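Visitor: I'm passing along upload_30.cif; it holds mmCIF, C-alpha atoms.
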```cif
data_my_file
#
loop_
_atom_site.label_atom_id
_atom_site.label_comp_id
_atom_site.auth_asym_id
_atom_site.auth_seq_id
_atom_site.Cartn_x
_atom_site.Cartn_y
_atom_site.Cartn_z
CA MET A 1177 -105.91 4.07 -8.61
CA GLN A 1178 -107.91 1.98 -11.06
CA ILE A 1179 -106.41 0.69 -14.31
CA SER A 1180 -107.75 -1.83 -16.82
CA GLY A 1181 -106.36 -3.58 -19.86
CA ASN A 1182 -104.93 -6.82 -21.17
CA THR A 1183 -101.97 -8.05 -19.18
CA ARG A 1184 -98.64 -9.73 -19.95
CA LYS A 1185 -96.14 -11.60 -17.80
CA LEU A 1186 -94.45 -9.59 -15.08
CA VAL A 1187 -91.42 -7.60 -16.18
CA THR A 1188 -88.40 -8.10 -13.92
CA ARG A 1189 -85.13 -6.33 -13.24
CA LEU A 1190 -82.38 -7.74 -11.06
CA ASP A 1191 -81.52 -5.43 -8.18
CA ASP A 1192 -80.83 -5.87 -4.47
CA SER A 1193 -84.39 -7.21 -4.54
CA VAL A 1194 -86.08 -8.13 -7.82
CA ASP A 1195 -87.91 -5.11 -9.23
CA TYR A 1196 -91.34 -6.02 -10.65
CA HIS A 1197 -93.63 -4.22 -13.10
CA LEU A 1198 -97.04 -5.28 -14.41
CA PRO A 1199 -97.84 -4.51 -18.07
CA ILE A 1200 -101.57 -3.77 -18.20
CA GLY A 1201 -103.17 -2.11 -21.21
CA GLU A 1202 -100.86 0.66 -22.41
CA GLN A 1203 -99.24 1.12 -19.01
CA THR A 1204 -96.58 -0.62 -16.95
CA ILE A 1205 -97.27 -0.44 -13.22
CA PRO A 1206 -94.46 -0.67 -10.60
CA LEU A 1207 -95.53 -3.37 -8.15
CA ASN A 1208 -92.86 -3.24 -5.44
CA PRO A 1209 -94.32 -0.03 -3.91
CA LEU A 1210 -97.67 -1.86 -3.55
CA ILE A 1211 -96.28 -4.59 -1.27
CA GLY A 1212 -98.07 -4.34 2.06
CA GLU A 1213 -101.07 -2.62 0.44
CA ASN A 1214 -104.54 -4.00 -0.25
CA LEU A 1215 -105.40 -4.45 -3.92
CA SER A 1216 -107.91 -6.20 -6.14
CA LEU A 1217 -107.78 -7.71 -9.62
CA GLU A 1218 -110.97 -8.37 -11.56
CA PHE A 1219 -111.23 -10.38 -14.78
CA LEU A 1220 -113.43 -8.37 -17.15
CA GLY A 1221 -114.40 -11.34 -19.31
CA GLU A 1222 -112.20 -10.73 -22.37
CA ILE A 1223 -109.10 -12.61 -23.49
CA HIS A 1224 -106.94 -11.43 -26.39
CA CYS A 1225 -104.12 -13.47 -27.93
CA ILE A 1226 -100.74 -12.06 -26.91
CA GLU A 1227 -99.41 -12.77 -30.42
CA CYS A 1228 -102.10 -11.65 -32.89
CA GLY A 1229 -104.52 -9.76 -30.62
CA ARG A 1230 -107.49 -11.89 -31.68
CA LYS A 1231 -110.29 -12.16 -29.13
CA THR A 1232 -110.52 -15.74 -27.90
CA SER A 1233 -112.85 -17.56 -25.54
CA LYS A 1234 -109.99 -19.65 -24.16
CA SER A 1235 -106.29 -19.11 -23.64
CA PHE A 1236 -103.74 -21.71 -24.72
CA ASN A 1237 -100.14 -22.01 -23.55
CA GLN A 1238 -100.30 -18.92 -21.31
CA GLY A 1239 -101.84 -16.40 -23.64
CA TYR A 1240 -102.33 -17.64 -27.20
CA CYS A 1241 -105.46 -18.20 -29.29
CA TYR A 1242 -105.90 -21.67 -30.74
CA PRO A 1243 -104.74 -20.83 -34.32
CA CYS A 1244 -101.52 -19.28 -32.98
CA PHE A 1245 -101.07 -22.18 -30.56
CA ARG A 1246 -101.25 -24.58 -33.51
CA SER A 1247 -99.06 -22.62 -35.91
CA LEU A 1248 -96.33 -20.81 -33.95
CA ALA A 1249 -92.94 -22.44 -33.39
CA GLN A 1250 -92.83 -20.92 -29.90
CA CYS A 1251 -95.89 -23.01 -29.00
CA ASP A 1252 -94.53 -26.31 -30.32
CA SER A 1253 -93.92 -29.17 -27.89
CA CYS A 1254 -90.15 -28.94 -28.49
CA ILE A 1255 -90.12 -25.68 -26.52
CA VAL A 1256 -90.97 -27.71 -23.41
CA LYS A 1257 -88.79 -30.64 -24.55
CA PRO A 1258 -85.81 -29.02 -26.30
CA GLU A 1259 -84.19 -32.40 -26.92
CA GLN A 1260 -86.98 -32.89 -29.48
CA CYS A 1261 -86.07 -29.75 -31.48
CA HIS A 1262 -86.66 -30.69 -35.12
CA TYR A 1263 -85.26 -27.67 -36.96
CA PHE A 1264 -82.48 -29.76 -38.51
CA GLU A 1265 -85.10 -32.22 -39.79
CA GLY A 1266 -86.62 -29.42 -41.86
CA THR A 1267 -89.96 -29.54 -40.04
CA CYS A 1268 -89.78 -26.39 -37.90
CA ARG A 1269 -93.11 -24.51 -37.97
CA GLU A 1270 -91.27 -21.22 -38.52
CA PRO A 1271 -87.68 -21.74 -39.73
CA GLN A 1272 -86.79 -18.05 -39.47
CA TRP A 1273 -88.01 -17.95 -35.86
CA GLY A 1274 -86.02 -21.10 -35.17
CA GLU A 1275 -82.87 -19.52 -36.57
CA GLN A 1276 -83.32 -16.47 -34.36
CA HIS A 1277 -84.19 -18.32 -31.16
CA CYS A 1278 -82.98 -21.93 -31.37
CA LEU A 1279 -79.82 -21.68 -33.46
CA GLN A 1280 -78.23 -19.38 -30.90
CA ASP A 1281 -75.87 -20.11 -28.05
CA HIS A 1282 -77.75 -21.59 -25.11
CA TYR A 1283 -76.66 -22.01 -21.52
CA VAL A 1284 -77.21 -25.00 -19.30
CA TYR A 1285 -77.53 -23.88 -15.69
CA LEU A 1286 -78.14 -25.04 -12.15
CA ALA A 1287 -80.65 -23.12 -10.06
CA ASN A 1288 -81.89 -23.33 -6.50
CA SER A 1289 -85.59 -22.52 -6.25
CA SER A 1290 -87.33 -25.39 -4.47
CA GLY A 1291 -84.05 -27.30 -4.39
CA ILE A 1292 -81.38 -27.77 -7.07
CA LYS A 1293 -82.59 -28.12 -10.66
CA VAL A 1294 -81.01 -28.10 -14.10
CA GLY A 1295 -82.37 -25.92 -16.89
CA ILE A 1296 -81.49 -24.25 -20.18
CA THR A 1297 -81.93 -20.75 -21.57
CA ARG A 1298 -80.66 -18.41 -24.26
CA GLY A 1299 -77.97 -16.01 -23.17
CA SER A 1300 -80.35 -13.09 -23.73
CA GLN A 1301 -82.71 -14.56 -21.12
CA ILE A 1302 -80.13 -14.49 -18.31
CA PRO A 1303 -81.05 -13.61 -15.55
CA THR A 1304 -84.75 -13.15 -16.54
CA ARG A 1305 -85.31 -16.89 -16.79
CA TRP A 1306 -84.07 -17.42 -13.23
CA MET A 1307 -86.23 -14.65 -11.78
CA ASP A 1308 -89.29 -15.99 -13.61
CA GLN A 1309 -88.70 -19.38 -11.98
CA GLY A 1310 -88.26 -17.92 -8.51
CA ALA A 1311 -84.65 -19.12 -8.22
CA SER A 1312 -82.67 -17.81 -5.25
CA GLN A 1313 -79.32 -18.94 -6.67
CA ALA A 1314 -78.24 -19.70 -10.23
CA LEU A 1315 -75.05 -20.76 -11.97
CA PRO A 1316 -74.34 -21.23 -15.71
CA ILE A 1317 -72.40 -24.47 -16.12
CA MET A 1318 -72.20 -25.00 -19.88
CA ARG A 1319 -72.48 -23.02 -23.12
CA VAL A 1320 -73.61 -24.89 -26.25
CA LYS A 1321 -74.23 -23.94 -29.87
CA ASN A 1322 -78.00 -24.42 -30.11
CA ARG A 1323 -81.18 -25.34 -28.28
CA LEU A 1324 -81.16 -29.00 -29.38
CA LEU A 1325 -77.72 -29.55 -27.86
CA ALA A 1326 -78.78 -27.80 -24.66
CA GLY A 1327 -81.75 -30.15 -24.43
CA LEU A 1328 -79.58 -33.22 -24.99
CA VAL A 1329 -77.20 -32.08 -22.24
CA GLU A 1330 -80.16 -31.48 -19.93
CA VAL A 1331 -81.40 -35.03 -20.57
CA ILE A 1332 -78.01 -36.38 -19.49
CA LEU A 1333 -77.80 -34.24 -16.35
CA LYS A 1334 -81.39 -34.74 -15.18
CA GLN A 1335 -80.61 -38.38 -14.50
CA HIS A 1336 -78.91 -37.02 -11.38
CA VAL A 1337 -80.75 -33.77 -10.59
CA ALA A 1338 -84.33 -32.48 -10.95
CA ASP A 1339 -85.34 -30.49 -14.04
CA LYS A 1340 -88.51 -28.90 -12.67
CA THR A 1341 -89.37 -26.43 -9.92
CA ALA A 1342 -91.83 -27.51 -7.23
CA TRP A 1343 -93.70 -24.20 -7.35
CA GLN A 1344 -95.68 -24.74 -4.14
CA ARG A 1345 -92.46 -25.33 -2.18
CA MET A 1346 -90.81 -22.37 -3.92
CA LEU A 1347 -93.61 -20.11 -2.66
CA LYS A 1348 -93.34 -21.25 0.95
CA GLY A 1349 -90.01 -19.57 1.63
CA GLU A 1350 -86.37 -19.22 0.74
CA PRO A 1351 -84.59 -22.52 0.03
CA GLU A 1352 -81.52 -23.47 2.03
CA ALA A 1353 -78.40 -22.15 0.30
CA VAL A 1354 -76.37 -24.79 -1.56
CA ASP A 1355 -72.91 -24.94 -3.10
CA LEU A 1356 -73.85 -24.92 -6.79
CA ALA A 1357 -70.22 -24.98 -7.94
CA ALA A 1358 -69.58 -28.17 -5.97
CA ARG A 1359 -72.75 -29.76 -7.40
CA ARG A 1360 -71.65 -28.73 -10.91
CA ASP A 1361 -68.33 -30.50 -10.44
CA GLU A 1362 -70.11 -33.62 -9.15
CA LEU A 1363 -72.41 -33.66 -12.16
CA PHE A 1364 -69.54 -33.23 -14.61
CA GLU A 1365 -67.81 -36.19 -12.99
CA GLN A 1366 -70.96 -38.34 -12.91
CA CYS A 1367 -71.77 -37.58 -16.55
CA ASP A 1368 -68.27 -37.38 -17.95
CA GLN A 1369 -68.55 -40.28 -20.39
CA GLU A 1370 -71.98 -39.33 -21.72
CA LEU A 1371 -71.01 -35.69 -22.20
CA ALA A 1372 -67.78 -36.73 -23.94
CA GLN A 1373 -69.74 -39.00 -26.31
CA LEU A 1374 -72.15 -36.19 -27.12
CA ALA A 1375 -69.27 -33.77 -27.76
CA GLN A 1376 -67.61 -36.26 -30.14
CA GLN A 1377 -70.74 -36.27 -32.29
CA GLN A 1378 -70.63 -32.47 -32.72
CA GLU A 1379 -68.37 -29.93 -34.33
CA GLU A 1380 -65.41 -28.91 -32.21
CA GLY A 1381 -66.31 -26.18 -29.74
CA SER A 1382 -70.05 -26.95 -29.76
CA LEU A 1383 -70.06 -27.81 -26.06
CA ASN A 1384 -68.11 -25.72 -23.57
CA LEU A 1385 -67.92 -26.50 -19.86
CA LEU A 1386 -68.01 -23.38 -17.69
CA THR A 1387 -65.98 -23.60 -14.50
CA ASP A 1388 -65.26 -19.95 -13.71
CA GLU A 1389 -68.78 -18.46 -13.63
CA ALA A 1390 -69.95 -16.81 -10.41
CA VAL A 1391 -73.13 -17.82 -8.61
CA VAL A 1392 -75.90 -15.24 -8.99
CA ASP A 1393 -77.86 -14.62 -5.77
CA ILE A 1394 -81.43 -13.39 -6.20
CA HIS A 1395 -83.63 -11.87 -3.50
CA TYR A 1396 -87.38 -11.32 -3.78
CA PRO A 1397 -89.61 -8.59 -2.32
CA VAL A 1398 -91.59 -10.70 0.15
CA LEU A 1399 -92.89 -9.59 3.55
CA ALA A 1400 -94.40 -12.96 4.45
CA TYR A 1401 -94.62 -16.37 2.81
CA PRO A 1402 -97.85 -18.41 3.00
CA GLN A 1403 -97.93 -21.44 5.28
CA LYS A 1404 -100.43 -23.03 2.92
CA VAL A 1405 -100.30 -22.28 -0.81
CA THR A 1406 -103.77 -21.60 -2.21
CA SER A 1407 -103.81 -20.99 -5.95
CA LEU A 1408 -106.13 -18.28 -7.33
CA ASN A 1409 -107.68 -18.73 -10.78
CA PHE A 1410 -109.58 -16.09 -12.77
CA ASP A 1411 -111.43 -18.79 -14.71
CA LYS A 1412 -113.02 -19.93 -11.45
CA THR A 1413 -112.95 -16.71 -9.40
CA PRO A 1414 -113.09 -13.56 -11.58
CA PHE A 1415 -112.48 -11.22 -8.63
CA VAL A 1416 -109.57 -11.58 -6.23
CA GLU A 1417 -108.39 -9.22 -3.55
CA GLY A 1418 -106.10 -9.15 -0.56
CA THR A 1419 -102.96 -7.64 0.88
CA LEU A 1420 -99.98 -7.98 -1.43
CA GLN A 1421 -97.47 -9.75 0.82
CA GLY A 1422 -94.80 -10.26 -1.81
CA ILE A 1423 -93.84 -11.29 -5.32
CA LYS A 1424 -91.73 -14.27 -6.34
CA GLY A 1425 -91.24 -15.78 -9.76
CA GLN A 1426 -94.34 -14.79 -11.71
CA TYR A 1427 -96.55 -15.08 -8.61
CA LEU A 1428 -98.29 -12.40 -6.61
CA ILE A 1429 -98.42 -13.56 -2.98
CA LEU A 1430 -101.68 -12.21 -1.58
CA SER A 1431 -103.19 -12.71 1.86
CA SER A 1432 -106.00 -14.58 0.04
CA GLY A 1433 -103.77 -16.86 -2.07
CA VAL A 1434 -101.15 -16.86 -4.81
CA LEU A 1435 -101.76 -15.74 -8.39
CA ASN A 1436 -99.63 -16.79 -11.35
CA LEU A 1437 -99.98 -13.74 -13.59
CA ARG A 1438 -98.06 -15.32 -16.47
CA LYS A 1439 -100.76 -17.99 -16.72
CA PHE A 1440 -103.33 -15.26 -17.38
CA SER A 1441 -101.41 -13.29 -20.01
CA GLY A 1442 -103.87 -11.73 -22.45
CA TYR A 1443 -106.69 -11.55 -19.91
CA LYS A 1444 -108.36 -8.16 -19.58
CA LEU A 1445 -108.10 -7.21 -15.92
CA GLN A 1446 -108.98 -4.25 -13.77
CA LEU A 1447 -106.42 -3.43 -11.10
CA THR A 1448 -107.59 -1.39 -8.12
CA CYS A 1449 -104.93 -0.27 -5.64
CA PRO A 1450 -103.87 2.78 -3.58
#
```
Would it be possible to restate this file's structure as structure tokens?

Guide:
Amino acid sequence: MQISGNTRKLVTRLDDSVDYHLPIGEQTIPLNPLIGENLSLEFLGEIHCIECGRKTSKSFNQGYCYPCFRSLAQCDSCIVKPEQCHYFEGTCREPQWGEQHCLQDHYVYLANSSGIKVGITRGSQIPTRWMDQGASQALPIMRVKNRLLAGLVEVILKQHVADKTAWQRMLKGEPEAVDLAARRDELFEQCDQELAQLAQQQEEGSLNLLTDEAVVDIHYPVLAYPQKVTSLNFDKTPFVEGTLQGIKGQYLILSSGVLNLRKFSGYKLQLTCP
């Protein structure tokens, strides 16, 4: 089978093992049946913006052309640092987009990917966000009224727990299981005064602690993890091939290295596989 087209981030579905599909051109290819098979991916030299479709010589922020990168709210720095959300200052790049995406309930969560981390996401992105990060366990611990508040809570909590995934460690194997509920309770106790002060500054009901949520366990379709993580990059090596040993997060784990397909969204690739 040989298929070519511009790609997007992997599509995931939570099952006994995460079910992965690759959008490429007009098709969406199931990837789980290809695990254990030899395949190749070749960059055909074209990049198209995942927002406007414009041909671009360089990709920005995982798939955008430069004009979109500069103008879209979803490419603003506050997406990476939600505590800097400036919608309420009247300076959002796209107020309507902000209303649809930032002025919605957000969840603060704990996840175990390369160890315990704190993160935030919209309710509509649960559990997609966790699968994209390669988390093996996840637990919502707070529901708040908007993205800015979620970011402010995250700033408080990350004084005591990491807020980033060590992706190389995540790709080397399954992390040791941890008691996320116990860690949640510890964090609430450690941050009690700061969280109470933040809540006092908001409308009643803006911050809600979640103590009855169940831990979500996530398993990935991986036959073998690499002992050494070698990152593959289409900008340096247009043609990659190897046996697909597994998929975790947004990474294909090949016998020749690991490939972050989300990073290359908008790239025109040719997939060759059985």

Visitor: As a check of understanding, name the residues that the PyMOL selection byres ((chain A and resi 1363) around 12) selects in the supplied structure, as a PyMOL selection string.

Guide: chain A and resi 1285-1286+1292-1294+1317-1318+1329-1330+1332-1337+1356-1362+1364-1371+1385

Visitor: The residues within 12 Å of (-95.6, -27.7, -2.5), using only C-alpha atoms and the coordinates of the file, should be reported as a list of chain:residue names; which are they?

Guide: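 Nearby residues: A:Ser1289, A:Ser1290, A:Gly1291, A:Thr1341, A:Ala1342, A:Trp1343, A:Gln1344, A:Arg1345, A:Met1346, A:Leu1347, A:Lys1348, A:Gly1349, A:Pro1402, A:Gln1403, A:Lys1404, A:Val1405, A:Thr1406, A:Ser1407.
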
Visitor: Selection from above, C-alpha atoms, as a PDB file, in the frame of the given file, can you write it?

Guide:
```
ATOM      1  CA  SER A1289     -85.590 -22.520  -6.250  1.00  0.00           C
ATOM      2  CA  SER A1290     -87.330 -25.390  -4.470  1.00  0.00           C
ATOM      3  CA  GLY A1291     -84.050 -27.300  -4.390  1.00  0.00           C
ATOM      4  CA  THR A1341     -89.370 -26.430  -9.920  1.00  0.00           C
ATOM      5  CA  ALA A1342     -91.830 -27.510  -7.230  1.00  0.00           C
ATOM      6  CA  TRP A1343     -93.700 -24.200  -7.350  1.00  0.00           C
ATOM      7  CA  GLN A1344     -95.680 -24.740  -4.140  1.00  0.00           C
ATOM      8  CA  ARG A1345     -92.460 -25.330  -2.180  1.00  0.00           C
ATOM      9  CA  MET A1346     -90.810 -22.370  -3.920  1.00  0.00           C
ATOM     10  CA  LEU A1347     -93.610 -20.110  -2.660  1.00  0.00           C
ATOM     11  CA  LYS A1348     -93.340 -21.250   0.950  1.00  0.00           C
ATOM     12  CA  GLY A1349     -90.010 -19.570   1.630  1.00  0.00           C
ATOM     13  CA  PRO A1402     -97.850 -18.410   3.000  1.00  0.00           C
ATOM     14  CA  GLN A1403     -97.930 -21.440   5.280  1.00  0.00           C
ATOM     15  CA  LYS A1404    -100.430 -23.030   2.920  1.00  0.00           C
ATOM     16  CA  VAL A1405    -100.300 -22.280  -0.810  1.00  0.00           C
ATOM     17  CA  THR A1406    -103.770 -21.600  -2.210  1.00  0.00           C
ATOM     18  CA  SER A1407    -103.810 -20.990  -5.950  1.00  0.00           C
TER      19      SER A1407
END
```

Visitor: Would you compute the distance between atom CA of A:Val1392 and atom CA of A:Asn1322? Give it in Å to one decimal.

Guide: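 Distance between the two atoms: 23.1 Å.
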
Visitor: Which of these residues is nearest to A:Asp1192, using all atoms listed in the file: A:Cys1449, A:Arg1438, A:Arg1269, A:Tyr1396?

Guide: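 Residue with the minimum atom-to-atom distance to A:Asp1192: A:Tyr1396.
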
Visitor: Assuming the chain letters and numbering stay as they are in my file, what does the PyMOL selection byres ((chain A and resi 1439) around 8) actually select? List them as a PDB file with C-alpha atoms, in the frame of the given file.

Guide:
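File written: part11.pdb
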```pdb
ATOM      1  CA  LYS A1185     -96.140 -11.600 -17.800  1.00  0.00           C
ATOM      2  CA  ASN A1237    -100.140 -22.010 -23.550  1.00  0.00           C
ATOM      3  CA  GLN A1238    -100.300 -18.920 -21.310  1.00  0.00           C
ATOM      4  CA  GLY A1239    -101.840 -16.400 -23.640  1.00  0.00           C
ATOM      5  CA  ASN A1436     -99.630 -16.790 -11.350  1.00  0.00           C
ATOM      6  CA  LEU A1437     -99.980 -13.740 -13.590  1.00  0.00           C
ATOM      7  CA  ARG A1438     -98.060 -15.320 -16.470  1.00  0.00           C
ATOM      8  CA  PHE A1440    -103.330 -15.260 -17.380  1.00  0.00           C
ATOM      9  CA  SER A1441    -101.410 -13.290 -20.010  1.00  0.00           C
TER      10      SER A1441
END
```

Visitor: Contacts of A:Ser1431 at 10 Å or less, counting all atoms listed in the file, minus same-chain residues fewer than 4 places along, as a ChimeraX atom specification?

Guide: /A:1212,1214,1400-1402,1406,1417-1422

Visitor: Measuring atom to atom with all atoms listed in the file, identify which of A:Ala1353, A:Val1416, A:Ala1314, A:Val1434 is nearest to A:Glu1389.

Guide: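 Under the stated criterion, the closest residue is A:Ala1314.
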
Visitor: Write out as a VMD selection string the residues lying within 7 Å of A:Glu1259, counting only C-alpha atoms and excluding same-chain residues fewer than 4 positions away.

Guide: chain A and resid 1324 1327 to 1328

Visitor: For the PyMOL selection byres ((chain A and resi 1283) around 8), applied here, can you spell out every residue it catches as a list in words?

Guide: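 Taken over the shown coordinates, the PyMOL selection byres ((chain A and resi 1283) around 8) returns Asp1281, His1282, Val1284, Tyr1285, Ile1296, Thr1297, Arg1298, Gly1299, Pro1316, Ile1317, Met1318, Arg1319, Val1320 and Ala1326 of chain A.
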
Visitor: Residues of the last selection are to be written out with C-alpha atoms, as a PDB file, in the coordinates of the input.

Guide:
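Final file, selection-v9.pdb:
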```pdb
ATOM      1  CA  ASP A1281     -75.870 -20.110 -28.050  1.00  0.00           C
ATOM      2  CA  HIS A1282     -77.750 -21.590 -25.110  1.00  0.00           C
ATOM      3  CA  VAL A1284     -77.210 -25.000 -19.300  1.00  0.00           C
ATOM      4  CA  TYR A1285     -77.530 -23.880 -15.690  1.00  0.00           C
ATOM      5  CA  ILE A1296     -81.490 -24.250 -20.180  1.00  0.00           C
ATOM      6  CA  THR A1297     -81.930 -20.750 -21.570  1.00  0.00           C
ATOM      7  CA  ARG A1298     -80.660 -18.410 -24.260  1.00  0.00           C
ATOM      8  CA  GLY A1299     -77.970 -16.010 -23.170  1.00  0.00           C
ATOM      9  CA  PRO A1316     -74.340 -21.230 -15.710  1.00  0.00           C
ATOM     10  CA  ILE A1317     -72.400 -24.470 -16.120  1.00  0.00           C
ATOM     11  CA  MET A1318     -72.200 -25.000 -19.880  1.00  0.00           C
ATOM     12  CA  ARG A1319     -72.480 -23.020 -23.120  1.00  0.00           C
ATOM     13  CA  VAL A1320     -73.610 -24.890 -26.250  1.00  0.00           C
ATOM     14  CA  ALA A1326     -78.780 -27.800 -24.660  1.00  0.00           C
TER      15      ALA A1326
END
```

Visitor: Taking into account all atoms listed in the file, which residue in the set A:Arg1323, A:Gln1280, A:Arg1305, A:Pro1206 is nearest to A:Lys1257?

Guide: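 Result for the nearest residue to A:Lys1257: A:Arg1323.
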
Visitor: Name the closest residue to A:Cys1244 among the candidates A:Lys1412, A:His1224, A:His1395, A:Lys1321; distances are taken between atoms, counting all atoms listed in the file.

Guide: A:His1224

Visitor: What does the structure give for the distance between atom CA of A:Ile1226 and atom CA of A:Tyr1240, in Å to one decimal?

Guide: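 Pair atom CA of A:Ile1226 / atom CA of A:Tyr1240 returns 5.8 Å.
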
Visitor: What's around A:Thr1232 at 12 Å? Count only C-alpha atoms, leave out sequence neighbours fewer than 2 positions away in its own chain, and write the answer as a short mmCIF file (atom, residue, chain, number, x, y, z; two decimals) with C-alpha atoms, keeping the file's coordinate frame.

Guide:
```
data_model
loop_
_atom_site.label_atom_id
_atom_site.label_comp_id
_atom_site.auth_asym_id
_atom_site.auth_seq_id
_atom_site.Cartn_x
_atom_site.Cartn_y
_atom_site.Cartn_z
CA GLY A 1221 -114.40 -11.34 -19.31
CA GLU A 1222 -112.20 -10.73 -22.37
CA ILE A 1223 -109.10 -12.61 -23.49
CA HIS A 1224 -106.94 -11.43 -26.39
CA CYS A 1225 -104.12 -13.47 -27.93
CA ILE A 1226 -100.74 -12.06 -26.91
CA GLU A 1227 -99.41 -12.77 -30.42
CA CYS A 1228 -102.10 -11.65 -32.89
CA GLY A 1229 -104.52 -9.76 -30.62
CA ARG A 1230 -107.49 -11.89 -31.68
CA LYS A 1234 -109.99 -19.65 -24.16
CA SER A 1235 -106.29 -19.11 -23.64
CA PHE A 1236 -103.74 -21.71 -24.72
CA GLY A 1239 -101.84 -16.40 -23.64
CA TYR A 1240 -102.33 -17.64 -27.20
CA CYS A 1241 -105.46 -18.20 -29.29
CA TYR A 1242 -105.90 -21.67 -30.74
CA PRO A 1243 -104.74 -20.83 -34.32
CA CYS A 1244 -101.52 -19.28 -32.98
CA PHE A 1245 -101.07 -22.18 -30.56
CA GLY A 1442 -103.87 -11.73 -22.45
CA TYR A 1443 -106.69 -11.55 -19.91
CA LYS A 1444 -108.36 -8.16 -19.58
#
```

Visitor: Using all atoms listed in the file, which protein or nucleic acid residues come within 10 Å of A:Leu1220? Drop anything in the same chain fewer than 2 positions from it, and give the result as a count of residues only.

Guide: 14

Visitor: From the list A:Leu1215, A:Leu1315, A:Ala1375, A:Ile1179, which residue is nearest A:Ala1390 when using only C-alpha atoms?

Guide: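 The shortest atom-to-atom distance to A:Ala1390 comes from A:Leu1315.
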
Visitor: Which one is closest to A:Met1177: A:Ser1382, A:Ser1216, A:Tyr1196, A:Cys1251? Count only C-alpha atoms.

Guide: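 The shortest atom-to-atom distance to A:Met1177 comes from A:Ser1216.
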
Visitor: Between atom CA of A:Cys1268 and atom CA of A:Glu1380, what distance in Å does the model show, to one decimal?

Guide: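 We find that atom CA of A:Cys1268 and atom CA of A:Glu1380 lie 25.2 Å from each other.
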